Amino acid sequence: MSGSLIVVGLGPGAPELITPEVTAALAAATDLVGYAPYVARVDAAPDVRRHASDNREEIDRAAFALKLAADGRRVVVVSSGDPGVFAMAAALFEAIESGEPSWRDLDIRVLPGVSAMFAAAARIGAPLGHDFCAINLSDNLKPWTTVEKRLRAAAEADFVIALYNPISKARQWQLEATFALLRGIHPASVPVIFATAVSAPQERIDVVPLGDAQPDRANMRTVVMIGSSQTRIIERAGGTRFVYTPRSVGLLS
C-alpha cells in the first residue's frame, strides 16, 4: 500500500473558508495529525484516526506523520490559516531534511489555506494593498533581539506589518515592547488593527491609533496589523470604517 502525506490549512475558523481541495484531502485521509484544537475542527469519518498533540511539538509531530505515511497511511497534517505561514509545512520539511532518507521520496503535498492576515484584511478593507510583511512575535524559536531587528527594519522601510502570535499566557510583555519600538519610528496616528477570531462567532476587529494601542486588546487568536505612513482610514456612517493602503506610494498626502 502506497502512503501519502498532505499538509493543509484550515483557514482562520469558518468552515466556508476551507478550500475545496483541502476538503477533498480531508475526506480521503486515514489519519489526521496536528495540534489538538485544529484536529478537533475537522469533521471526519468515524474510522479516521486522530493524532492530536501539544502546540510545541512541531518537529516530533512531523516525524510521526512521516512514519505513518511510510507505513502506507493517507496522512493529513492540519494547520490553521495557511500551513506555510508560521505553521506545519516548514516543520515537515525540516523533519524530512534531518530524518530518514526514504522520507524524501514519499508522496508529499502542501495545500494552501486562507491566512489570518488575509481574512482580517478583507474584513476591514485593504490594509495590505501595498508592500507588507508578516512577523511572528513569539520568541520561542528565535531570540527577541532578532524580532526587534526585523520590526525596526520593517518599520523604517515603511512596510505594513502583520504580527502573528502577538501575545500568550507565557509571553505578556513582547507586544507592549513592540508598540514602544514602533512609536519611536512611526507617527502616533498610524492605524493599528486588532483582528480577533476572524470568521468565528467571537470575531472582533478594532482600529486604534498607534499612540493608543494597548496589548490587552489582543489574545492568542488575534492578528495585529500596523499600518504604514500611507495607510488611510475612511469613516463611514454608523461609526464603521474602511482601512486601506494605496497601491502607489505618495498617492495621497
# chains A, B, ... in the order shown; residues from 1 in each chain; ligands from 1
call {"tool": "residues_around", "arguments": {"residues": "Leu106 (chain A)", "least_positions_apart": "6", "cutoff": "10 Å", "atoms": "only C-alpha atoms", "output": "PDB file with N, CA and C atoms, in the first residue's frame"}}
result
ATOM      1  N   SER A   2       0.592   2.185  -0.906  1.00  0.00           N
ATOM      2  CA  SER A   2       1.381   3.400  -1.019  1.00  0.00           C
ATOM      3  C   SER A   2       0.768   4.495  -0.175  1.00  0.00           C
ATOM      4  N   GLY A   3       1.558   5.058   0.728  1.00  0.00           N
ATOM      5  CA  GLY A   3       1.059   6.101   1.600  1.00  0.00           C
ATOM      6  C   GLY A   3       1.271   7.475   1.011  1.00  0.00           C
ATOM      7  N   SER A   4       0.740   8.475   1.687  1.00  0.00           N
ATOM      8  CA  SER A   4       0.893   9.862   1.253  1.00  0.00           C
ATOM      9  C   SER A   4       0.799  10.770   2.467  1.00  0.00           C
ATOM     10  N   LEU A   5       1.283  11.984   2.305  1.00  0.00           N
ATOM     11  CA  LEU A   5       1.204  12.977   3.372  1.00  0.00           C
ATOM     12  C   LEU A   5       0.865  14.325   2.746  1.00  0.00           C
ATOM     13  N   LEU A  66       5.257  11.487   9.126  1.00  0.00           N
ATOM     14  CA  LEU A  66       6.058  10.884   8.058  1.00  0.00           C
ATOM     15  C   LEU A  66       6.165   9.366   8.244  1.00  0.00           C
ATOM     16  N   ALA A  69       2.941   7.847   7.065  1.00  0.00           N
ATOM     17  CA  ALA A  69       2.888   7.817   5.601  1.00  0.00           C
ATOM     18  C   ALA A  69       3.786   6.720   5.038  1.00  0.00           C
ATOM     19  N   ALA A  70       4.963   6.544   5.652  1.00  0.00           N
ATOM     20  CA  ALA A  70       5.881   5.498   5.206  1.00  0.00           C
ATOM     21  C   ALA A  70       5.293   4.107   5.416  1.00  0.00           C
ATOM     22  N   GLY A  72       2.234   3.431   4.839  1.00  0.00           N
ATOM     23  CA  GLY A  72       1.144   3.251   3.890  1.00  0.00           C
ATOM     24  C   GLY A  72      -0.131   3.991   4.216  1.00  0.00           C
ATOM     25  N   ILE A  96      11.974  16.214   7.277  1.00  0.00           N
ATOM     26  CA  ILE A  96      12.414  15.436   6.119  1.00  0.00           C
ATOM     27  C   ILE A  96      13.913  15.600   5.905  1.00  0.00           C
TER      28      ILE A  96
END
call {"tool": "select_by_dssp", "arguments": {"residues": "region 125-226 of chain A", "states": "alpha helix (DSSP H)", "output": "PyMOL selection string"}}
result
chain A and resi 144-156+174-183
call {"tool": "select_by_dssp", "arguments": {"residues": "region 161-194 of chain A", "states": "strand (DSSP E or B)", "output": "list in words"}}
result
Ile161, Ala162, Leu163, Tyr164, Pro191, Val192, Ile193 and Phe194 of chain A
call {"tool": "write_last_selection", "arguments": {"atoms": "N, CA, C and O atoms", "output": "mmCIF file, in the first residue's frame"}}
result
data_model
loop_
_atom_site.group_PDB
_atom_site.id
_atom_site.type_symbol
_atom_site.label_atom_id
_atom_site.label_comp_id
_atom_site.auth_asym_id
_atom_site.auth_seq_id
_atom_site.Cartn_x
_atom_site.Cartn_y
_atom_site.Cartn_z
ATOM 1 N N ILE A 161 2.864 46.010 8.696
ATOM 2 C CA ILE A 161 3.378 44.840 9.417
ATOM 3 C C ILE A 161 2.214 44.055 10.007
ATOM 4 O O ILE A 161 1.400 44.596 10.755
ATOM 5 N N ALA A 162 2.148 42.783 9.671
ATOM 6 C CA ALA A 162 1.184 41.868 10.290
ATOM 7 C C ALA A 162 1.915 41.068 11.355
ATOM 8 O O ALA A 162 2.932 40.417 11.063
ATOM 9 N N LEU A 163 1.421 41.124 12.581
ATOM 10 C CA LEU A 163 2.035 40.413 13.695
ATOM 11 C C LEU A 163 1.243 39.154 14.016
ATOM 12 O O LEU A 163 0.057 39.227 14.359
ATOM 13 N N TYR A 164 1.914 38.019 13.908
ATOM 14 C CA TYR A 164 1.317 36.750 14.316
ATOM 15 C C TYR A 164 1.787 36.408 15.731
ATOM 16 O O TYR A 164 2.864 36.824 16.154
ATOM 17 N N PRO A 191 -2.556 53.797 11.926
ATOM 18 C CA PRO A 191 -3.596 52.894 12.435
ATOM 19 C C PRO A 191 -3.069 51.511 12.780
ATOM 20 O O PRO A 191 -2.193 50.967 12.099
ATOM 21 N N VAL A 192 -3.611 50.964 13.867
ATOM 22 C CA VAL A 192 -3.310 49.593 14.276
ATOM 23 C C VAL A 192 -4.626 48.818 14.298
ATOM 24 O O VAL A 192 -5.612 49.271 14.883
ATOM 25 N N ILE A 193 -4.626 47.662 13.659
ATOM 26 C CA ILE A 193 -5.823 46.822 13.578
ATOM 27 C C ILE A 193 -5.628 45.616 14.480
ATOM 28 O O ILE A 193 -4.642 44.879 14.343
ATOM 29 N N PHE A 194 -6.557 45.404 15.390
ATOM 30 C CA PHE A 194 -6.599 44.202 16.216
ATOM 31 C C PHE A 194 -7.737 43.338 15.683
ATOM 32 O O PHE A 194 -8.913 43.702 15.823
#
call {"tool": "closest_atom_pairs", "arguments": {"of": "region 195-233 of chain A", "to": "region 174-181 of chain A", "cutoff": "8 Å", "atoms": "only C-alpha atoms", "output": "tab-separated table"}}
result
residue	atom	partner	partner_atom	distance
A:Leu210	CA	A:Phe179	CA	7.3
A:Ala213	CA	A:Phe179	CA	7.3
A:Gln214	CA	A:Glu176	CA	6.9
A:Pro215	CA	A:Glu176	CA	5.8
call {"tool": "closest_residue", "arguments": {"among": "A:Ala170, A:Ile185, A:Asp216, A:Phe132", "to": "Thr231 (chain A)", "atoms": "only C-alpha atoms"}}
result
A:Phe132
call {"tool": "residues_around", "arguments": {"residues": "region 115-118 of chain A", "least_positions_apart": "3", "cutoff": "8 Å", "atoms": "only C-alpha atoms", "output": "PyMOL selection string"}}
result
chain A and resi 11-12+80-82+85+121-122+162+198+223+225
call {"tool": "closest_atom_pairs", "arguments": {"of": "region 21-76 of chain A", "to": "region 86-93 of chain A", "cutoff": "12 Å", "atoms": "only C-alpha atoms", "output": "JSON lines"}}
result
{"residue": "A:Val33", "atom": "CA", "partner": "A:Met88", "partner_atom": "CA", "distance": 10.3}
{"residue": "A:Gly34", "atom": "CA", "partner": "A:Met88", "partner_atom": "CA", "distance": 8.4}
{"residue": "A:Tyr35", "atom": "CA", "partner": "A:Met88", "partner_atom": "CA", "distance": 9.6}
{"residue": "A:Tyr38", "atom": "CA", "partner": "A:Met88", "partner_atom": "CA", "distance": 11.6}
{"residue": "A:Asn55", "atom": "CA", "partner": "A:Ala87", "partner_atom": "CA", "distance": 10.4}
{"residue": "A:Arg56", "atom": "CA", "partner": "A:Ala91", "partner_atom": "CA", "distance": 11.1}
{"residue": "A:Glu57", "atom": "CA", "partner": "A:Ala91", "partner_atom": "CA", "distance": 9.6}
{"residue": "A:Glu58", "atom": "CA", "partner": "A:Ala91", "partner_atom": "CA", "distance": 6.0}
{"residue": "A:Ile59", "atom": "CA", "partner": "A:Ala91", "partner_atom": "CA", "distance": 5.5}
{"residue": "A:Asp60", "atom": "CA", "partner": "A:Ala91", "partner_atom": "CA", "distance": 9.0}
{"residue": "A:Arg61", "atom": "CA", "partner": "A:Leu92", "partner_atom": "CA", "distance": 8.4}
{"residue": "A:Ala62", "atom": "CA", "partner": "A:Leu92", "partner_atom": "CA", "distance": 5.0}
{"residue": "A:Ala63", "atom": "CA", "partner": "A:Leu92", "partner_atom": "CA", "distance": 7.3}
{"residue": "A:Phe64", "atom": "CA", "partner": "A:Leu92", "partner_atom": "CA", "distance": 10.0}
{"residue": "A:Ala65", "atom": "CA", "partner": "A:Leu92", "partner_atom": "CA", "distance": 8.6}
{"residue": "A:Leu66", "atom": "CA", "partner": "A:Leu92", "partner_atom": "CA", "distance": 8.2}
{"residue": "A:Lys67", "atom": "CA", "partner": "A:Leu92", "partner_atom": "CA", "distance": 11.7}
{"residue": "A:Val76", "atom": "CA", "partner": "A:Met88", "partner_atom": "CA", "distance": 11.0}
call {"tool": "residues_around", "arguments": {"residues": "Ala126 (chain A)", "least_positions_apart": "5", "cutoff": "7 Å", "atoms": "only C-alpha atoms", "output": "number ranges by chain"}}
result
A: 121, 243-245
call {"tool": "atom_distance", "arguments": {"atom1": "CA of Arg241 (chain A)", "atom2": "CA of Asp206 (chain A)"}}
result
9.8 Å
call {"tool": "atom_distance", "arguments": {"atom1": "CA of Ala154 (chain A)", "atom2": "CA of Ala218 (chain A)"}}
result
21.0 Å
call {"tool": "residues_around", "arguments": {"residues": "Ala28 (chain A)", "least_positions_apart": "5", "cutoff": "12 Å", "atoms": "only C-alpha atoms", "output": "list in words"}}
result
Gly3, Ser4, Leu5, Ile6, Glu21, Val22, Thr23, Ala44, Ala45, Asp47, Val48, Arg73, Arg74, Val75 and Val76 of chain A
call {"tool": "closest_residue", "arguments": {"among": "A:Leu32, A:Val207, A:Ala52, A:Arg41", "to": "Gly125 (chain A)", "atoms": "only C-alpha atoms"}}
result
A:Val207
call {"tool": "decode", "arguments": {"residues": "region 200-219 of chain A", "atoms": "N, CA and C atoms", "output": "tab-separated table (two decimals), in the first residue's frame"}}
result
chain	number	residue	atom	x	y	z
A	200	ALA	N	-15.01	33.64	13.00
A	200	ALA	CA	-15.68	32.86	14.04
A	200	ALA	C	-16.78	33.71	14.69
A	201	PRO	N	-17.69	33.08	15.42
A	201	PRO	CA	-18.75	33.86	16.07
A	201	PRO	C	-18.22	34.92	17.04
A	202	GLN	N	-17.03	34.71	17.58
A	202	GLN	CA	-16.45	35.65	18.54
A	202	GLN	C	-15.65	36.75	17.86
A	203	GLU	N	-15.76	36.89	16.55
A	203	GLU	CA	-14.95	37.87	15.82
A	203	GLU	C	-15.08	39.28	16.38
A	204	ARG	N	-13.94	39.94	16.49
A	204	ARG	CA	-13.91	41.34	16.89
A	204	ARG	C	-12.75	42.02	16.19
A	205	ILE	N	-13.03	43.17	15.58
A	205	ILE	CA	-12.00	43.94	14.90
A	205	ILE	C	-12.04	45.37	15.41
A	206	ASP	N	-10.92	45.83	15.95
A	206	ASP	CA	-10.79	47.19	16.46
A	206	ASP	C	-9.69	47.91	15.70
A	207	VAL	N	-9.88	49.19	15.47
A	207	VAL	CA	-8.87	50.03	14.84
A	207	VAL	C	-8.58	51.21	15.77
A	208	VAL	N	-7.31	51.35	16.15
A	208	VAL	CA	-6.92	52.44	17.05
A	208	VAL	C	-5.62	53.06	16.54
A	209	PRO	N	-5.31	54.31	16.89
A	209	PRO	CA	-4.01	54.88	16.54
A	209	PRO	C	-2.90	54.17	17.30
A	210	LEU	N	-1.73	54.15	16.70
A	210	LEU	CA	-0.58	53.52	17.36
A	210	LEU	C	-0.34	54.11	18.75
A	211	GLY	N	-0.57	55.40	18.90
A	211	GLY	CA	-0.36	56.04	20.19
A	211	GLY	C	-1.27	55.52	21.28
A	212	ASP	N	-2.41	54.93	20.89
A	212	ASP	CA	-3.37	54.40	21.86
A	212	ASP	C	-3.40	52.88	21.92
A	213	ALA	N	-2.57	52.23	21.16
A	213	ALA	CA	-2.61	50.76	21.09
A	213	ALA	C	-2.12	50.14	22.39
A	214	GLN	N	-2.92	49.25	22.95
A	214	GLN	CA	-2.57	48.58	24.19
A	214	GLN	C	-2.61	47.07	23.99
A	215	PRO	N	-1.68	46.33	24.60
A	215	PRO	CA	-1.61	44.88	24.40
A	215	PRO	C	-2.82	44.13	24.91
A	216	ASP	N	-3.58	44.70	25.85
A	216	ASP	CA	-4.73	43.96	26.37
A	216	ASP	C	-5.88	43.84	25.37
A	217	ARG	N	-5.75	44.47	24.21
A	217	ARG	CA	-6.73	44.28	23.15
A	217	ARG	C	-6.51	42.97	22.39
A	218	ALA	N	-5.38	42.32	22.61
A	218	ALA	CA	-5.02	41.11	21.86
A	218	ALA	C	-5.06	39.88	22.74
A	219	ASN	N	-5.29	38.72	22.11
A	219	ASN	CA	-5.13	37.44	22.78
A	219	ASN	C	-4.52	36.46	21.79
